[in-house]
Amino acid sequence: MITVRPSHTRGQTKWSWLDSKHTFSFGRYIDREHVHFRSLRVINDDIVAGGKGFEPHPHEDMEIISYVVSGRLAHKDQMENGSRHAHESGAGSVQVMSAGRGVTHSEFNPSPTEASRFIQIWILPDREGHDPMYAQRDFSDAERRDKLVPIVGPRAKKTDAPLLINQDATVYSTLLSPGVKVGHAIAKGRGVYVQVVRGQIDLDGRALGEGDGAAIENEGSIVITGTTEADVLVFDLA
């Protein structure tokens with residue numbers, strides 16, 4: 001079963017410096033029909049004005065992934081063990097933070113003029129109380145061109161993904177050319193969520209555009225075809 005979540009049905013937070021679209025309930029946007037999909041708790045599509053961002057704030061017991069779409073994103077944190085991370089990255093960069101027992105961090109747009117767009121993803125951990133951790137990697141367009149590339153995977157299982165989280169979940173990324181198809185086999189008992197970041201695709205006969213998503217249950221496989229140049233995230237979840 002494939003259930004499409006059209007972009008225009010998402011929630012929205014709009015401030016002078018932030019335009020954020022919410023696939024699932026978040027902050028003041030409460031949607032009891034879209035609280036989470038399996039362990040996938042948040043997909044926020046954030047556009048942050050130049051020189052603005054999220055002031056230092058705490059998190060705990062959450063796996064937080066930031067996928068930079070355009071512009072630049074700066075991350076700073078203070079880990080519980082005293083280690084510090086400060087990193088600035090551009091389009092194609094993926095930042096992963098396991099909040100674990102607790103961490104305070106900030107995210108902001110370091111450009112004074114150019115807007116920054118990034119997808120923020122929260123995934124529930126497999127248990128509470130993990131050690132806080134942070135990692136980052138840049139992925140080139142060529143790496144992701146016309147194939148599903150695992151960018152984030154489970155720390156507790158064998159995975160080809162270079163970035164790790166504390167949950168049995170794998171996040172794939174692809175940049176599809178028009179007319180190119182990629183397939184994904186779905187193991188029994190698992191579910192998949194597809195999120196279109198940019199462009200348009202065909203998902204097993206269903207047309208999806210920028211910002212659209214789809215929850216997939218009880219299917220053995222899916223095929224994604226690029227209708228236009230398309231940037232797509234695929235979540236494979238226990």
# chains A, B, ... in the order shown; residues from 1 in each chain; ligands from 1
call {"tool": "residues_around", "arguments": {"residues": "A:Trp122", "least_positions_apart": "3", "cutoff": "9 Å", "atoms": "only C-alpha atoms", "output": "list in words"}}
result
Ser39, Leu40, Arg41, Val42, Ile43, Asn44, Met62, Glu63, Ile64, Ile65 and Ser66 of chain A
call {"tool": "residues_around", "arguments": {"residues": "stretch 89-93 of chain A", "least_positions_apart": "2", "cutoff": "6 Å", "atoms": "only C-alpha atoms", "output": "list in words"}}
result
Val68, Val69, Ser70, Gly71, Arg72, Leu73, Arg137, Asp138 and Phe139 of chain A
call {"tool": "write_last_selection", "arguments": {"atoms": "N, CA and C atoms", "output": "short mmCIF file (atom, residue, chain, number, x, y, z; two decimals), in the first residue's frame"}}
result
data_model
loop_
_atom_site.label_atom_id
_atom_site.label_comp_id
_atom_site.auth_asym_id
_atom_site.auth_seq_id
_atom_site.Cartn_x
_atom_site.Cartn_y
_atom_site.Cartn_z
N VAL A 68 21.60 19.10 3.67
CA VAL A 68 21.68 20.45 3.12
C VAL A 68 21.35 20.42 1.63
N VAL A 69 20.34 21.21 1.24
CA VAL A 69 19.87 21.24 -0.14
C VAL A 69 20.52 22.38 -0.91
N SER A 70 20.58 23.57 -0.32
CA SER A 70 21.19 24.72 -0.98
C SER A 70 21.67 25.70 0.08
N GLY A 71 22.61 26.57 -0.31
CA GLY A 71 23.18 27.49 0.65
C GLY A 71 24.13 26.76 1.59
N ARG A 72 24.30 27.33 2.78
CA ARG A 72 25.23 26.75 3.74
C ARG A 72 24.56 26.62 5.10
N LEU A 73 25.06 25.67 5.90
CA LEU A 73 24.51 25.44 7.23
C LEU A 73 25.66 25.27 8.20
N ARG A 137 29.35 14.34 6.66
CA ARG A 137 30.02 13.94 5.42
C ARG A 137 29.40 14.68 4.25
N ASP A 138 30.26 15.05 3.30
CA ASP A 138 29.80 15.66 2.06
C ASP A 138 29.62 14.57 1.01
N PHE A 139 28.49 14.62 0.28
CA PHE A 139 28.21 13.68 -0.80
C PHE A 139 28.14 14.46 -2.11
#
call {"tool": "closest_residue", "arguments": {"among": "A:Glu55, A:Asp141, A:Ala187, A:His34", "to": "A:Thr3", "atoms": "only C-alpha atoms"}}
result
A:His34
call {"tool": "closest_residue", "arguments": {"among": "A:Asp160, A:Glu60, A:Glu210, A:Asp168", "to": "A:Phe235", "atoms": "only C-alpha atoms"}}
result
A:Asp168
call {"tool": "atom_distance", "arguments": {"atom1": "atom CA of A:Arg190", "atom2": "atom CA of A:Tyr172"}}
result
14.9 Å
call {"tool": "closest_residue", "arguments": {"among": "A:Lys14, A:Met79, A:Ile123, A:Gly100", "to": "A:His36", "atoms": "only C-alpha atoms"}}
result
A:Ile123
call {"tool": "atom_distance", "arguments": {"atom1": "atom CA of A:His105", "atom2": "atom CA of A:Phe118"}}
result
16.2 Å
call {"tool": "residues_around", "arguments": {"residues": "stretch 152-155 of chain A", "least_positions_apart": "2", "cutoff": "10 Å", "atoms": "only C-alpha atoms", "output": "number ranges by chain"}}
result
A: 65, 94-96, 126, 149-150, 157-173, 235-236
call {"tool": "write_last_selection", "arguments": {"atoms": "C-alpha atoms", "output": "tab-separated table (two decimals), in the first residue's frame"}}
result
chain	number	residue	atom	x	y	z
A	65	ILE	CA	19.89	14.35	10.52
A	94	VAL	CA	24.73	15.51	5.68
A	95	GLN	CA	25.12	16.14	9.41
A	96	VAL	CA	24.12	13.48	11.95
A	126	ASP	CA	16.31	2.13	19.59
A	149	VAL	CA	23.17	5.53	-2.13
A	150	PRO	CA	22.96	4.71	1.61
A	157	LYS	CA	24.09	-3.68	12.11
A	158	LYS	CA	26.42	-4.15	9.17
A	159	THR	CA	25.88	-1.26	6.76
A	160	ASP	CA	27.55	0.43	3.81
A	161	ALA	CA	26.35	3.83	5.01
A	162	PRO	CA	29.19	6.13	6.17
A	163	LEU	CA	27.05	7.91	8.80
A	164	LEU	CA	25.53	5.94	11.69
A	165	ILE	CA	22.52	6.29	13.98
A	166	ASN	CA	21.11	4.31	16.89
A	167	GLN	CA	18.14	2.80	15.07
A	168	ASP	CA	17.48	0.04	12.53
A	169	ALA	CA	16.87	2.56	9.76
A	170	THR	CA	18.70	3.35	6.52
A	171	VAL	CA	18.44	6.63	4.65
A	172	TYR	CA	19.18	6.58	0.91
A	173	SER	CA	19.76	9.54	-1.39
A	235	PHE	CA	13.87	5.83	4.34
A	236	ASP	CA	13.90	2.07	4.96
call {"tool": "atom_distance", "arguments": {"atom1": "atom CA of A:Pro110", "atom2": "atom CA of A:Asp77"}}
result
15.5 Å
call {"tool": "residues_around", "arguments": {"residues": "A:Pro56", "least_positions_apart": "3", "cutoff": "10 Å", "atoms": "only C-alpha atoms", "output": "CSV table (one decimal) with C-alpha atoms, in the first residue's frame"}}
result
chain,number,residue,atom,x,y,z
A,53,GLY,CA,19.1,30.4,12.5
A,75,HIS,CA,26.4,23.6,13.3
A,76,LYS,CA,27.7,24.0,16.8
A,77,ASP,CA,27.2,21.8,19.8
A,78,GLN,CA,28.4,21.1,23.3
A,103,VAL,CA,23.2,17.8,24.0
A,104,THR,CA,22.8,21.5,23.3
A,105,HIS,CA,23.3,22.7,19.8
A,106,SER,CA,22.6,25.4,17.3
A,107,GLU,CA,22.1,25.6,13.6
A,108,PHE,CA,22.3,28.8,11.6
call {"tool": "residues_around", "arguments": {"residues": "A:Asp212", "least_positions_apart": "2", "cutoff": "6 Å", "atoms": "only C-alpha atoms", "output": "ChimeraX atom specification"}}
result
/A:5-7,196,208-210
call {"tool": "closest_residue", "arguments": {"among": "A:Gly179, A:Ile201, A:Ala49, A:Asp146", "to": "A:Ser111", "atoms": "only C-alpha atoms"}}
result
A:Ala49
call {"tool": "select_by_dssp", "arguments": {"residues": "stretch 42-232 of chain A", "states": "strand (DSSP E or B)", "output": "PDB file with C-alpha atoms, in the first residue's frame"}}
result
ATOM      1  CA  VAL A  42      10.185  14.489  11.785  1.00  0.00           C
ATOM      2  CA  ILE A  43      10.757  15.660   8.220  1.00  0.00           C
ATOM      3  CA  ASN A  44      11.019  19.452   8.226  1.00  0.00           C
ATOM      4  CA  ASP A  45      11.803  21.340   5.015  1.00  0.00           C
ATOM      5  CA  ASP A  46      13.471  24.504   6.337  1.00  0.00           C
ATOM      6  CA  ILE A  47      14.387  27.698   4.480  1.00  0.00           C
ATOM      7  CA  VAL A  48      16.449  30.004   6.703  1.00  0.00           C
ATOM      8  CA  GLY A  53      19.066  30.381  12.501  1.00  0.00           C
ATOM      9  CA  PHE A  54      18.180  28.336  15.536  1.00  0.00           C
ATOM     10  CA  GLU A  55      19.717  29.561  18.781  1.00  0.00           C
ATOM     11  CA  PRO A  56      21.303  27.006  21.161  1.00  0.00           C
ATOM     12  CA  HIS A  57      18.642  24.581  22.373  1.00  0.00           C
ATOM     13  CA  PRO A  58      18.648  21.140  24.041  1.00  0.00           C
ATOM     14  CA  HIS A  59      17.784  17.709  22.663  1.00  0.00           C
ATOM     15  CA  GLU A  63      18.722  10.833  16.102  1.00  0.00           C
ATOM     16  CA  ILE A  64      18.862  14.130  14.178  1.00  0.00           C
ATOM     17  CA  ILE A  65      19.893  14.347  10.519  1.00  0.00           C
ATOM     18  CA  SER A  66      20.356  17.582   8.542  1.00  0.00           C
ATOM     19  CA  TYR A  67      20.448  17.234   4.741  1.00  0.00           C
ATOM     20  CA  VAL A  68      21.683  20.454   3.120  1.00  0.00           C
ATOM     21  CA  VAL A  69      19.865  21.244  -0.144  1.00  0.00           C
ATOM     22  CA  SER A  70      21.191  24.721  -0.982  1.00  0.00           C
ATOM     23  CA  ARG A  72      25.230  26.748   3.741  1.00  0.00           C
ATOM     24  CA  LEU A  73      24.508  25.444   7.228  1.00  0.00           C
ATOM     25  CA  ALA A  74      26.650  25.920  10.336  1.00  0.00           C
ATOM     26  CA  HIS A  75      26.365  23.554  13.297  1.00  0.00           C
ATOM     27  CA  LYS A  76      27.700  24.032  16.815  1.00  0.00           C
ATOM     28  CA  ASP A  77      27.173  21.832  19.846  1.00  0.00           C
ATOM     29  CA  GLN A  78      28.372  21.129  23.348  1.00  0.00           C
ATOM     30  CA  MET A  79      28.414  17.404  23.952  1.00  0.00           C
ATOM     31  CA  ARG A  84      32.771  20.405  20.954  1.00  0.00           C
ATOM     32  CA  HIS A  85      31.854  20.401  17.299  1.00  0.00           C
ATOM     33  CA  ALA A  86      31.635  23.412  15.002  1.00  0.00           C
ATOM     34  CA  HIS A  87      31.154  22.780  11.308  1.00  0.00           C
ATOM     35  CA  GLU A  88      29.972  24.688   8.269  1.00  0.00           C
ATOM     36  CA  SER A  89      28.807  22.799   5.200  1.00  0.00           C
ATOM     37  CA  GLY A  90      27.138  23.315   1.830  1.00  0.00           C
ATOM     38  CA  SER A  93      26.382  17.731   3.074  1.00  0.00           C
ATOM     39  CA  VAL A  94      24.731  15.509   5.675  1.00  0.00           C
ATOM     40  CA  GLN A  95      25.118  16.142   9.408  1.00  0.00           C
ATOM     41  CA  VAL A  96      24.121  13.484  11.954  1.00  0.00           C
ATOM     42  CA  MET A  97      23.763  14.053  15.688  1.00  0.00           C
ATOM     43  CA  SER A  98      22.780  11.394  18.216  1.00  0.00           C
ATOM     44  CA  VAL A 103      23.174  17.820  24.042  1.00  0.00           C
ATOM     45  CA  THR A 104      22.776  21.524  23.344  1.00  0.00           C
ATOM     46  CA  HIS A 105      23.310  22.652  19.764  1.00  0.00           C
ATOM     47  CA  SER A 106      22.582  25.441  17.307  1.00  0.00           C
ATOM     48  CA  GLU A 107      22.098  25.577  13.552  1.00  0.00           C
ATOM     49  CA  PHE A 108      22.332  28.782  11.571  1.00  0.00           C
ATOM     50  CA  SER A 116      19.790  28.257   3.208  1.00  0.00           C
ATOM     51  CA  ARG A 117      17.536  25.262   2.647  1.00  0.00           C
ATOM     52  CA  PHE A 118      17.929  21.994   4.495  1.00  0.00           C
ATOM     53  CA  ILE A 119      15.818  18.969   5.377  1.00  0.00           C
ATOM     54  CA  GLN A 120      15.850  18.209   9.093  1.00  0.00           C
ATOM     55  CA  ILE A 121      15.001  14.618   9.984  1.00  0.00           C
ATOM     56  CA  TRP A 122      14.387  13.138  13.416  1.00  0.00           C
ATOM     57  CA  ILE A 123      14.426   9.386  13.943  1.00  0.00           C
ATOM     58  CA  MET A 133      27.712  11.713  19.020  1.00  0.00           C
ATOM     59  CA  TYR A 134      28.173  13.921  15.948  1.00  0.00           C
ATOM     60  CA  ALA A 135      29.398  13.184  12.416  1.00  0.00           C
ATOM     61  CA  GLN A 136      29.271  14.873   9.030  1.00  0.00           C
ATOM     62  CA  ARG A 137      30.022  13.940   5.417  1.00  0.00           C
ATOM     63  CA  ASP A 138      29.799  15.659   2.060  1.00  0.00           C
ATOM     64  CA  ARG A 145      23.710  10.202  -9.666  1.00  0.00           C
ATOM     65  CA  VAL A 149      23.167   5.532  -2.129  1.00  0.00           C
ATOM     66  CA  PRO A 150      22.963   4.705   1.608  1.00  0.00           C
ATOM     67  CA  ILE A 151      24.013   7.876   3.428  1.00  0.00           C
ATOM     68  CA  VAL A 152      22.875   6.997   6.977  1.00  0.00           C
ATOM     69  CA  GLY A 153      22.578   3.517   8.473  1.00  0.00           C
ATOM     70  CA  PRO A 154      22.198   1.574  11.740  1.00  0.00           C
ATOM     71  CA  LEU A 163      27.054   7.912   8.802  1.00  0.00           C
ATOM     72  CA  LEU A 164      25.533   5.942  11.690  1.00  0.00           C
ATOM     73  CA  ILE A 165      22.516   6.286  13.977  1.00  0.00           C
ATOM     74  CA  ALA A 169      16.873   2.557   9.757  1.00  0.00           C
ATOM     75  CA  THR A 170      18.702   3.354   6.525  1.00  0.00           C
ATOM     76  CA  VAL A 171      18.435   6.629   4.647  1.00  0.00           C
ATOM     77  CA  TYR A 172      19.179   6.583   0.911  1.00  0.00           C
ATOM     78  CA  SER A 173      19.759   9.544  -1.390  1.00  0.00           C
ATOM     79  CA  THR A 174      19.578   9.757  -5.180  1.00  0.00           C
ATOM     80  CA  LEU A 175      19.856  12.415  -7.864  1.00  0.00           C
ATOM     81  CA  LEU A 176      17.778  11.060 -10.737  1.00  0.00           C
ATOM     82  CA  LYS A 181      14.699   4.306 -12.878  1.00  0.00           C
ATOM     83  CA  VAL A 182      15.957   3.026  -9.545  1.00  0.00           C
ATOM     84  CA  GLY A 183      14.415   0.109  -7.670  1.00  0.00           C
ATOM     85  CA  HIS A 184      14.411  -0.730  -3.987  1.00  0.00           C
ATOM     86  CA  ALA A 185      13.553  -4.125  -2.499  1.00  0.00           C
ATOM     87  CA  GLY A 191       8.261   0.015   5.708  1.00  0.00           C
ATOM     88  CA  VAL A 192       9.593   2.722   3.414  1.00  0.00           C
ATOM     89  CA  TYR A 193       9.024   6.463   3.226  1.00  0.00           C
ATOM     90  CA  VAL A 194       9.893   8.412   0.057  1.00  0.00           C
ATOM     91  CA  GLN A 195      10.402  12.187   0.186  1.00  0.00           C
ATOM     92  CA  VAL A 196      10.868  14.295  -2.942  1.00  0.00           C
ATOM     93  CA  VAL A 197      13.304  17.108  -2.132  1.00  0.00           C
ATOM     94  CA  ARG A 198      13.396  18.654  -5.603  1.00  0.00           C
ATOM     95  CA  ILE A 201       9.189  11.534 -10.027  1.00  0.00           C
ATOM     96  CA  ASP A 202       6.954   8.605 -10.808  1.00  0.00           C
ATOM     97  CA  LEU A 203       6.573   6.198  -7.883  1.00  0.00           C
ATOM     98  CA  ARG A 206       1.984   7.799  -8.954  1.00  0.00           C
ATOM     99  CA  ALA A 207       3.208  11.282  -9.846  1.00  0.00           C
ATOM    100  CA  LEU A 208       5.050  13.027  -7.008  1.00  0.00           C
ATOM    101  CA  GLY A 213       6.029  12.190   0.291  1.00  0.00           C
ATOM    102  CA  ALA A 214       4.735   8.638   0.335  1.00  0.00           C
ATOM    103  CA  ALA A 215       4.438   6.020   3.078  1.00  0.00           C
ATOM    104  CA  ILE A 216       4.820   2.466   1.807  1.00  0.00           C
ATOM    105  CA  SER A 221       9.606  -3.425  -3.822  1.00  0.00           C
ATOM    106  CA  ILE A 222       9.232   0.025  -5.369  1.00  0.00           C
ATOM    107  CA  VAL A 223      10.471   1.672  -8.560  1.00  0.00           C
ATOM    108  CA  ILE A 224      11.225   5.399  -8.696  1.00  0.00           C
ATOM    109  CA  THR A 225      11.551   7.076 -12.104  1.00  0.00           C
ATOM    110  CA  GLY A 226      12.826  10.589 -12.640  1.00  0.00           C
ATOM    111  CA  ALA A 230      14.985  14.919  -9.077  1.00  0.00           C
ATOM    112  CA  ASP A 231      16.562  14.853  -5.624  1.00  0.00           C
ATOM    113  CA  VAL A 232      14.930  12.091  -3.552  1.00  0.00           C
TER     114      VAL A 232
END
call {"tool": "select_by_dssp", "arguments": {"residues": "stretch 10-198 of chain A", "states": "alpha helix (DSSP H)", "output": "PyMOL selection string"}}
result
chain A and resi 141-144
call {"tool": "write_last_selection", "arguments": {"atoms": "N, CA and C atoms", "output": "CSV table (one decimal), in the first residue's frame"}}
result
chain,number,residue,atom,x,y,z
A,141,ASP,N,27.4,15.2,-6.2
A,141,ASP,CA,26.3,14.8,-7.1
A,141,ASP,C,26.7,13.5,-7.8
A,142,ALA,N,27.9,13.4,-8.2
A,142,ALA,CA,28.3,12.2,-9.0
A,142,ALA,C,28.1,10.9,-8.1
A,143,GLU,N,28.4,11.0,-6.8
A,143,GLU,CA,28.2,9.8,-6.0
A,143,GLU,C,26.7,9.3,-6.0
A,144,ARG,N,25.8,10.2,-6.1
A,144,ARG,CA,24.4,9.9,-5.9
A,144,ARG,C,23.6,9.9,-7.3
